[in-house]
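Q: If it helps, the file is called my_file_14.json and holds JSON, C-alpha atoms:
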```json
[["chain", "number", "residue", "atom", "x", "y", "z"],
["A", 1, "MET", "CA", 0.70, -31.46, -33.13],
["A", 2, "GLU", "CA", -1.02, -30.37, -29.91],
["A", 3, "PRO", "CA", -1.82, -26.67, -29.58],
["A", 4, "SER", "CA", 0.21, -24.69, -27.05],
["A", 5, "ILE", "CA", -1.42, -22.63, -24.36],
["A", 6, "ILE", "CA", 0.35, -19.51, -23.20],
["A", 7, "LEU", "CA", -1.10, -17.82, -20.13],
["A", 8, "GLY", "CA", -0.20, -14.42, -18.75],
["A", 9, "LYS", "CA", -2.36, -14.79, -15.66],
["A", 10, "ASN", "CA", -3.65, -17.66, -13.59],
["A", 11, "SER", "CA", -5.01, -18.30, -10.11],
["A", 12, "PHE", "CA", -2.72, -17.62, -7.15],
["A", 13, "PRO", "CA", -2.19, -21.26, -6.07],
["A", 14, "ALA", "CA", -1.53, -22.49, -9.63],
["A", 15, "GLY", "CA", 2.25, -21.94, -9.54],
["A", 16, "PRO", "CA", 3.12, -24.06, -6.52],
["A", 17, "LEU", "CA", 0.47, -26.68, -7.33],
["A", 18, "LEU", "CA", 1.68, -27.15, -10.90],
["A", 19, "ALA", "CA", 5.34, -27.15, -9.83],
["A", 20, "ASP", "CA", 4.57, -29.93, -7.32],
["A", 21, "ALA", "CA", 2.61, -31.95, -9.88],
["A", 22, "TYR", "CA", 5.02, -31.56, -12.80],
["A", 23, "PRO", "CA", 8.73, -31.93, -11.98],
["A", 24, "ASP", "CA", 9.71, -30.41, -15.35],
["A", 25, "ILE", "CA", 8.50, -27.00, -14.13],
["A", 26, "GLU", "CA", 11.69, -25.29, -13.03],
["A", 27, "GLY", "CA", 10.12, -22.23, -11.45],
["A", 28, "TYR", "CA", 7.18, -19.88, -11.27],
["A", 29, "VAL", "CA", 6.45, -16.33, -10.24],
["A", 30, "ARG", "CA", 3.19, -14.75, -9.14],
["A", 31, "PHE", "CA", 2.11, -11.12, -9.25],
["A", 32, "ILE", "CA", -0.65, -9.82, -7.01],
["A", 33, "ASP", "CA", -2.01, -6.36, -7.74],
["A", 34, "ALA", "CA", -1.81, -4.05, -4.77],
["A", 35, "PRO", "CA", -4.41, -1.32, -4.39],
["A", 36, "GLN", "CA", -3.49, 2.28, -5.13],
["A", 37, "ARG", "CA", -1.20, 3.57, -2.42],
["A", 38, "THR", "CA", 0.30, 6.86, -1.44],
["A", 39, "VAL", "CA", 4.08, 6.67, -1.77],
["A", 40, "LYS", "CA", 6.10, 9.25, 0.13],
["A", 41, "ASN", "CA", 9.73, 10.28, 0.30],
["A", 42, "ASN", "CA", 10.15, 13.27, 2.62],
["A", 43, "GLU", "CA", 8.07, 15.99, 0.93],
["A", 44, "LEU", "CA", 7.48, 14.07, -2.34],
["A", 45, "LEU", "CA", 4.05, 12.45, -2.27],
["A", 46, "PHE", "CA", 2.39, 10.56, -5.14],
["A", 47, "ASN", "CA", -0.56, 8.21, -5.56],
["A", 48, "GLU", "CA", 0.87, 5.13, -7.25],
["A", 49, "THR", "CA", -1.19, 2.42, -8.94],
["A", 50, "ARG", "CA", 1.43, 0.08, -10.44],
["A", 51, "ILE", "CA", 2.38, -1.78, -7.28],
["A", 52, "CYS", "CA", 2.47, -5.55, -6.91],
["A", 53, "TYR", "CA", 3.48, -8.26, -4.53],
["A", 54, "THR", "CA", 5.65, -10.90, -6.15],
["A", 55, "ASP", "CA", 7.66, -13.99, -5.35],
["A", 56, "PRO", "CA", 11.39, -13.83, -4.49],
["A", 57, "SER", "CA", 12.03, -15.78, -7.73],
["A", 58, "PHE", "CA", 10.90, -12.76, -9.78],
["A", 59, "LEU", "CA", 14.30, -11.77, -11.20],
["A", 60, "SER", "CA", 15.48, -15.33, -11.77],
["A", 61, "LEU", "CA", 12.58, -15.93, -14.20],
["A", 62, "PHE", "CA", 12.62, -12.58, -15.98],
["A", 63, "ASN", "CA", 15.67, -11.16, -17.69],
["A", 64, "PHE", "CA", 15.22, -7.62, -16.45],
["A", 65, "GLU", "CA", 18.54, -5.95, -15.85],
["A", 66, "LEU", "CA", 19.32, -5.17, -12.22],
["A", 67, "ILE", "CA", 21.02, -1.80, -12.62],
["A", 68, "ALA", "CA", 21.61, -1.00, -8.94],
["A", 69, "GLY", "CA", 21.44, -2.92, -5.69],
["A", 70, "THR", "CA", 20.81, -6.63, -5.32],
["A", 71, "ASP", "CA", 17.92, -9.04, -5.65],
["A", 72, "ASP", "CA", 18.96, -10.83, -2.43],
["A", 73, "ASN", "CA", 16.64, -8.48, -0.58],
["A", 74, "MET", "CA", 13.53, -9.92, -2.27],
["A", 75, "ILE", "CA", 13.26, -12.53, 0.49],
["A", 76, "ASN", "CA", 12.82, -9.72, 3.01],
["A", 77, "PRO", "CA", 9.21, -8.46, 3.10],
["A", 78, "LYS", "CA", 10.42, -4.97, 4.07],
["A", 79, "HIS", "CA", 12.44, -4.61, 0.84],
["A", 80, "MET", "CA", 11.34, -4.02, -2.74],
["A", 81, "LEU", "CA", 12.57, -3.60, -6.26],
["A", 82, "VAL", "CA", 11.59, -0.52, -8.26],
["A", 83, "LYS", "CA", 11.78, 0.41, -11.91],
["A", 84, "GLU", "CA", 14.50, 2.87, -12.83],
["A", 85, "GLU", "CA", 11.89, 5.54, -13.58],
["A", 86, "MET", "CA", 10.61, 5.37, -9.99],
["A", 87, "ALA", "CA", 14.14, 5.53, -8.57],
["A", 88, "ILE", "CA", 14.74, 8.71, -10.56],
["A", 89, "LYS", "CA", 11.32, 10.14, -9.64],
["A", 90, "TYR", "CA", 11.87, 9.75, -5.90],
["A", 91, "PHE", "CA", 15.67, 9.95, -5.49],
["A", 92, "GLY", "CA", 17.20, 11.40, -8.67],
["A", 93, "SER", "CA", 19.07, 8.26, -9.78],
["A", 94, "ALA", "CA", 19.11, 4.48, -9.52],
["A", 95, "ALA", "CA", 22.27, 4.46, -7.41],
["A", 96, "GLU", "CA", 20.87, 7.00, -4.94],
["A", 97, "ALA", "CA", 17.65, 5.00, -4.47],
["A", 98, "VAL", "CA", 19.28, 1.79, -3.21],
["A", 99, "ASN", "CA", 18.91, 1.30, 0.55],
["A", 100, "GLN", "CA", 16.60, 4.31, 0.78],
["A", 101, "THR", "CA", 13.19, 3.93, 2.41],
["A", 102, "LEU", "CA", 9.82, 4.97, 1.04],
["A", 103, "LYS", "CA", 6.56, 5.09, 2.93],
["A", 104, "VAL", "CA", 4.20, 2.93, 0.86],
["A", 105, "GLY", "CA", 0.71, 3.29, 2.30],
["A", 106, "ASN", "CA", 1.33, 2.82, 6.02],
["A", 107, "GLU", "CA", 4.52, 0.76, 5.66],
["A", 108, "PHE", "CA", 8.14, 1.82, 5.43],
["A", 109, "ILE", "CA", 9.86, -0.28, 2.74],
["A", 110, "THR", "CA", 13.51, -0.13, 1.72],
["A", 111, "ILE", "CA", 14.57, -0.21, -1.92],
["A", 112, "GLY", "CA", 16.88, -3.19, -2.32],
["A", 113, "GLY", "CA", 17.38, -2.91, -6.05],
["A", 114, "VAL", "CA", 16.52, -0.96, -9.19],
["A", 115, "ILE", "CA", 15.58, -2.75, -12.40],
["A", 116, "ASP", "CA", 15.25, -1.87, -16.07],
["A", 117, "VAL", "CA", 11.89, -3.24, -17.24],
["A", 118, "ARG", "CA", 12.03, -3.09, -20.99],
["A", 119, "SER", "CA", 9.12, -1.52, -22.84],
["A", 120, "GLN", "CA", 8.33, -4.76, -24.70],
["A", 121, "SER", "CA", 7.49, -6.49, -21.41],
["A", 122, "HIS", "CA", 3.89, -7.19, -20.49],
["A", 123, "VAL", "CA", 4.74, -6.61, -16.80],
["A", 124, "PRO", "CA", 3.02, -3.28, -16.04],
["A", 125, "TYR", "CA", 4.31, -2.71, -12.50],
["A", 126, "GLU", "CA", 6.75, -0.12, -11.16],
["A", 127, "PHE", "CA", 7.08, -1.30, -7.54],
["A", 128, "PHE", "CA", 7.74, -4.97, -6.73],
["A", 129, "LEU", "CA", 7.14, -5.80, -3.06]]
```
Turn the structure described in the file into structure tokens.

A:
Amino acid sequence: MEPSIILGKNSFPAGPLLADAYPDIEGYVRFIDAPQRTVKNNELLFNETRICYTDPSFLSLFNFELIAGTDDNMINPKHMLVKEEMAIKYFGSAAEAVNQTLKVGNEFITIGGVIDVRSQSHVPYEFFL
């Protein structure tokens, strides 16, 4: 029996290149660490470090529960998903966070959905741009 290789990280172009080369690959998702950014909602201001850029296919490959909003907004670069903890931190609840805008660094980005990232996940991010 051949040994299996399980990778948590790989180079940025690996996903599309492997998907093109191997038709059995049904999908891929990439995470790119974003630098620490100041995130602001009115008077609330925090330095956040768990921010990433990801592919629109993010939720279709992970089984994180979308507890508010929709993942349709992931194709819009001015929308993001946030963990429930961040929705509560900035807006008081998941439902209140949807369609609200945060200033992330120098950009204004609207929350399109709120997700429940289970503690057993190896995905360390809280903001998914």

Q: Give me, please, the distance in Å between CA of Ser93 in chain A and CA of Phe108 in chain A, quoted to one decimal.

A: 19.8 Å

Q: Suppose you want the space between CA of Asp71 in chain A and CA of Ile109 in chain A; what is it in Å?

A: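 Separation between CA of Asp71 in chain A and CA of Ile109 in chain A: 14.6 Å.
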
Q: Work out how far CA of Tyr125 in chain A is from CA of Thr101 in chain A, in Å to one decimal.

A: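 Here the two named atoms are 18.6 Å from each other.
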
Q: List the spatial neighbours of range 23-27 of chain A as a PyMOL selection string - criterion: any atom at most 12 Å away, all atoms listed in the file, same-chain residues fewer than 4 positions off excluded.

A: chain A and resi 14-19+55-62

Q: Identify, on the basis of only C-alpha atoms, every residue whose closest approach to range 29-38 of chain A does not exceed 7 Å; exclude the query and any residue fewer than 3 positions from it along the same chain; express the result as a VMD selection string.

A: chain A and resid 12 45 to 49 51 to 55 57 to 58 104 to 105

Q: For Ala68 in chain A, find every residue with an atom within 8 Å (counting all atoms listed in the file), except residues of its own chain fewer than 3 positions away, and show them as a ChimeraX atom specification.

A: /A:94-95,98,113-115

Q: Quick one: of A:Gly112, A:Leu81, A:Glu96, A:Lys89, who's nearest to Gly69 in chain A, counting all atoms listed in the file?

A: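 When distances to Gly69 in chain A are compared using all atoms listed in the file, the smallest one comes from A:Gly112.
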
Q: Between A:Ile88, A:Asn42, A:Tyr22, A:His79, which is the closest to Ile111 in chain A once you count only C-alpha atoms?

A: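 Using only C-alpha atoms, Ile111 in chain A sits closest to A:His79.
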
Q: From the options A:Asn63, A:Asn41, A:Ser11, A:Gln100, which residue's atoms come nearest to Asp116 in chain A, counting all atoms listed in the file?

A: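 Closest to Asp116 in chain A, using all atoms listed in the file: A:Asn63.
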
Q: Rank A:Arg50, A:Lys78, A:Lys103, A:Arg118 by their smallest atom-to-atom distance to Phe64 in chain A, using only C-alpha atoms, and report the top residue only.

A: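 Nearest candidate to Phe64 in chain A out of A:Arg50, A:Lys78, A:Lys103, A:Arg118: A:Arg118.
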
Q: Have a look at A:Ala97, A:Leu102, A:Val123, A:Val117 and name the one nearest to Glu43 in chain A; count only C-alpha atoms.

A: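 Under the stated criterion, the closest residue is A:Leu102.
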